[in-house]
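Working notes for the structure below.
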Amino acid sequence: MIKKRYFARFLLTLLAAAFALLFLMPTVLTITNSFMTQSEISANYGQIFTNVTGGEGKAYISETVNLKFIPDKVTFSQYINTLIRSPDYLLKFWNSVILVVPIVLLQLAVASITAYGFTRWRGKVRAFLFFFYVILMLMPVQVTLVPNFLVSQWLGLINTRWSIIFPGMFAPFSVFLLTKSMRRIPGSLIEAAKLDGSSEWQIFKDICLPQCRSALYSIAILVFIDYWNMVEQPVVLLSDASKQPLSVYLSTINTSEVGLAFAIATIYMVPCILLFLHGEDYLVEGIAHQGSVKG
Amino acid sequence: MSMKIAEAKTKLKKEPKPKKTKQPKPKLTKAEAWERANMKVKDVLSSLCFSGPSFLGVSVFFILPFLVVVYYSVIRAPSNPEFVGLDNFIAVLQNSSFQTAAKNTAMFSLISVPLAVVLSLGLALILECRIPCKSLFRTFFLSPMMVPVASVVLIWQVIFHYRGTLNVFLAHFGVDPVDWLNSPYCLWVIVVLFLWKNLGYFMILFMAALNNIPKELLEVADVEGASAAHKFFNIKLRYLSPTVLFVAILAIINSFKVFREIYLLVGAYPYIGLYMMQHFMNNTFANFDYQKMSTAAVLMALVLVVLIALLFKIEDVFGKDVEG
């Protein structure tokens, strides 16, 4: 009986390991391939990426594709090329940063005071409003983009970063999550502060915000990934290619620069991976607390 | 006689009324009433101080323009505001590219949402079984969520290309090469990408929910010799039903976001099987076709509201006896 149970657990571990391999593979491959030389990349993947331009076939090109975990020769030349010789990509990276960082900061600022409002004062009207936020949160981009597009047009914001930052600032997603976590703060804490004569602002600043620190962190990570990854909004709202973030620009990369592309792709995921490694526990806790849409 | 009865009836009817109105309003002095009203105004004002900016922003950027969107969907054109009823809706529904987009998007959601729910629950159950390196596995499963789509798109292209890795691999087993991205298989490729990205997130939700199941209940079931399947279907699944609902809703919303993967993988003009709602919308944006875009947005919003309401209803019926 015990043997059987150990065997079952062994099988499950194997299954989990197989899944883990599948989950990790694309990320790891992208990173290791970024250390390949240009000639190795065109030898391995030439079939795929030269198709479009009708490859000139200078170097040896393998008949089929070779997906390699470990490069033959490790080199940093792709990184050096990206960082020094093609400032274009750095510029796009910077575009991503100045789009996403303001959105994350502003959205959290707006959401935290709003969530405090929803936590401290309840009533039928506010319950309805909160429900409304939930519905809005559940709407896909395809629906919300149309109103955003119209407003941006009226305000003359089309083709400027503000057309993405403003709607991002007021996105209801973090209001919902923060309200949920603020409602878990024991009411006695707030009552005690009130008896001591703290103003609402002080209660918010000195009690609610510190209590929600881990929630704020996890929401910041979630919002960051979401916007770091955005494609729909810039494609519709930013027609000017020079303002596009790297997420969109990477797909239009020139086929002759595939070697660079791996390096850029890796650079692009570095902020996300660092955030993830640093904040994984908060993130997991934050996701776990989402629980359900109700309540 | 009849007068008396009528009188008695009116008395009976009248009598309970004053009692009801009296009870909630104990006599207030003017000062008290004033104070109470004052408190109420103060409450509203202070809650407005905190939530007001957000109400304003949401109204300006989402609600008011959405009302205009609804208005646009029932008039002939912004320059010619003549009420046309459902004409726009009929036109959009008969539009062949809208039909393709709606069909593909619906197909994709129908395939990927149930798969996402089942597989992520499976992963959570595997990790529940006290296997070694649990937290490491959790990290691995969650990691795709953090990786930007744009970064791994190159690898996906290498794998799913006609001369790509997958075909090379399958050739060992004598399978003829398939052009994954330009054939009816393409939807499945995107399903794989979707699952890859989302399973970890949903798994965390299920793990948290599994943790919240009262342990005593499972212990009692153990003592009484219940089978693992019985425990799963009769206890765990009952408690998980709110999470199943939540994951299903999230999966539906995220399934509308696969446009990202498709756009980055195959561009703005993909194989017809990958023509999604967002492709249709992008065309309307590019042409400033206000009627089409508004009508499509209203249609989608309606479908989503109905869908979510339906899911809530199902969950209500299914998980009624466990929610306290």
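Residues in the structure tokens are numbered from 1 in each chain, the chains being A, B, ... in the order shown, and ligands are numbered from 1 in the order shown.
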Exercise: Ser96 of chain A partners within 8 Å, only C-alpha atoms, chain neighbours under 2 positions left out, as a PDB file with C-alpha atoms, in the first residue's frame:
ATOM      1  CA  LYS A  92      11.735  51.706 -28.217  1.00  0.00           C
ATOM      2  CA  PHE A  93      12.601  50.214 -24.862  1.00  0.00           C
ATOM      3  CA  TRP A  94      12.513  53.703 -23.426  1.00  0.00           C
ATOM      4  CA  ILE A  98       7.694  55.974 -20.203  1.00  0.00           C
ATOM      5  CA  LEU A  99       4.346  54.469 -21.128  1.00  0.00           C
ATOM      6  CA  VAL A 100       4.191  51.783 -18.482  1.00  0.00           C
ATOM      7  CA  TRP A 228       4.421  45.982 -20.574  1.00  0.00           C
ATOM      8  CA  GLN A 244       5.464  52.524 -30.383  1.00  0.00           C
ATOM      9  CA  PRO A 245       6.651  50.495 -27.435  1.00  0.00           C
ATOM     10  CA  LEU A 246       9.040  47.616 -27.910  1.00  0.00           C
ATOM     11  CA  SER A 247       6.246  45.042 -27.539  1.00  0.00           C
TER      12      SER A 247
END
Practice task
Write out as number ranges by chain each polymer residue whose atoms come within 7 Å of segment 11-22 of chain A, counting only C-alpha atoms; drop sequence neighbours fewer than 4 positions from it.
Solution key: A: 7; B: 126, 131, 137, 140-141
Set out as CSV a contact list for segment 224-282 of chain B and segment 153-173 of chain B with a cut-off of 10 Å, giving each residue of segment 224-282 of chain B that qualifies its closest atom pair and distance in Å to one decimal, counting only C-alpha atoms, ordered by chain and rising residue number.
residue,atom,partner,partner_atom,distance
B:Glu261,CA,B:Val153,CA,7.6
B:Ile262,CA,B:Val153,CA,9.6
B:Leu264,CA,B:Val153,CA,6.8
B:Leu265,CA,B:Val153,CA,6.1
B:Val266,CA,B:Gln157,CA,8.8
With N, CA and C atoms retained, write the just-selected residues as a PDB file, in the first residue's frame.
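The result, written out as selection-v2.pdb:
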ATOM      1  N   GLU B 261      -0.872  37.569 -29.224  1.00  0.00           N
ATOM      2  CA  GLU B 261      -0.059  36.476 -29.737  1.00  0.00           C
ATOM      3  C   GLU B 261      -0.171  36.404 -31.264  1.00  0.00           C
ATOM      4  N   ILE B 262      -1.422  36.498 -31.734  1.00  0.00           N
ATOM      5  CA  ILE B 262      -1.629  36.342 -33.174  1.00  0.00           C
ATOM      6  C   ILE B 262      -0.970  37.470 -33.939  1.00  0.00           C
ATOM      7  N   LEU B 264       1.517  39.382 -33.068  1.00  0.00           N
ATOM      8  CA  LEU B 264       2.975  39.330 -33.029  1.00  0.00           C
ATOM      9  C   LEU B 264       3.514  38.141 -33.813  1.00  0.00           C
ATOM     10  N   LEU B 265       2.722  37.086 -33.881  1.00  0.00           N
ATOM     11  CA  LEU B 265       3.184  35.875 -34.553  1.00  0.00           C
ATOM     12  C   LEU B 265       3.010  35.974 -36.065  1.00  0.00           C
ATOM     13  N   VAL B 266       1.849  36.413 -36.503  1.00  0.00           N
ATOM     14  CA  VAL B 266       1.581  36.376 -37.937  1.00  0.00           C
ATOM     15  C   VAL B 266       1.126  37.710 -38.509  1.00  0.00           C
TER      16      VAL B 266
END
Exercise for the section: Can you check which residues of chain B have any atom within 7 Å of chain A? Use only C-alpha atoms and format it as number ranges by chain. Expected result: B: 47, 50-51, 54, 57-58, 61-62, 65-66, 69, 126, 131, 137, 140-141, 144, 146-152, 155, 158, 161, 163-165, 196, 204-205, 208, 242-243, 246, 253, 256, 260, 264, 278, 282, 285, 293-294, 297, 300-301
Handout entry: Nearest residue to Ile84 of chain A from the set A:Leu260, A:Ala193, A:Leu238, A:Tyr217 (distances using only C-alpha atoms)
Key = A:Leu260
Practice task
Using DSSP on the backbone coordinates, identify the residues of segment 204-288 of chain B assigned to helix (DSSP H, G or I); present them as a ChimeraX atom specification.
Solution key: /B:204-211,215-223,228-266,272-274,277-286
Practice task
Would you kindly return, as number ranges by chain, each protein, DNA or RNA residue with an atom no farther than 8 Å from any atom of Phe98 of chain B, considering only C-alpha atoms and excluding same-chain residues fewer than 6 positions away?
Solution key: B: 92, 277, 280
Completion exercise
Nearest to Leu217 of chain B, restricted to only C-alpha atoms and choosing among B:Ala248, B:Lys236, B:Leu199, B:Ile63, comes out as B:Lys236
Exercise for the section: Name all residues at most 10 Å from Met36 of chain A (count only C-alpha atoms; drop same-chain ones fewer than 5 positions away) and give them as number ranges by chain. Expected result: A: 31, 41-42, 68, 70-78, 259-260, 262-263
Problem - Two-atom distance - atom CA of Cys212 of chain A, atom CA of His278 of chain A (Å) - result: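 About the pair atom CA of Cys212 of chain A and atom CA of His278 of chain A: they are 17.8 Å apart.
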Compile the contact shell of Ser183 of chain B as a PDB file with C-alpha atoms, in the first residue's frame: residues with an atom at most 12 Å away, counting only C-alpha atoms, same-chain residues fewer than 2 positions apart removed.
ATOM      1  CA  PHE B 160       5.587  26.182 -35.513  1.00  0.00           C
ATOM      2  CA  HIS B 161       7.060  27.170 -38.864  1.00  0.00           C
ATOM      3  CA  TYR B 162       6.514  24.815 -41.796  1.00  0.00           C
ATOM      4  CA  PRO B 177       4.858  18.245 -42.198  1.00  0.00           C
ATOM      5  CA  VAL B 178       1.997  20.558 -41.422  1.00  0.00           C
ATOM      6  CA  ASP B 179       1.975  24.285 -41.999  1.00  0.00           C
ATOM      7  CA  TRP B 180       0.770  24.980 -38.487  1.00  0.00           C
ATOM      8  CA  LEU B 181       0.146  28.679 -38.827  1.00  0.00           C
ATOM      9  CA  TYR B 185      -4.539  23.758 -37.138  1.00  0.00           C
ATOM     10  CA  CYS B 186      -3.597  27.348 -36.427  1.00  0.00           C
ATOM     11  CA  LEU B 187      -6.337  27.752 -33.829  1.00  0.00           C
ATOM     12  CA  TRP B 188      -4.809  24.925 -31.819  1.00  0.00           C
ATOM     13  CA  VAL B 189      -1.410  26.537 -31.962  1.00  0.00           C
ATOM     14  CA  PRO B 270      -3.301  36.321 -40.667  1.00  0.00           C
ATOM     15  CA  TYR B 271      -4.625  33.090 -42.121  1.00  0.00           C
ATOM     16  CA  ILE B 272      -8.424  33.311 -42.150  1.00  0.00           C
ATOM     17  CA  GLY B 273      -8.779  30.916 -39.226  1.00  0.00           C
ATOM     18  CA  LEU B 274      -6.938  33.383 -37.027  1.00  0.00           C
TER      19      LEU B 274
END
Exercise for the section: May I ask for the distance between atom CA of Ala241 of chain A and atom CA of Leu193 of chain B, given in Å to one decimal place? Expected result: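 So the answer is 26.8 Å.
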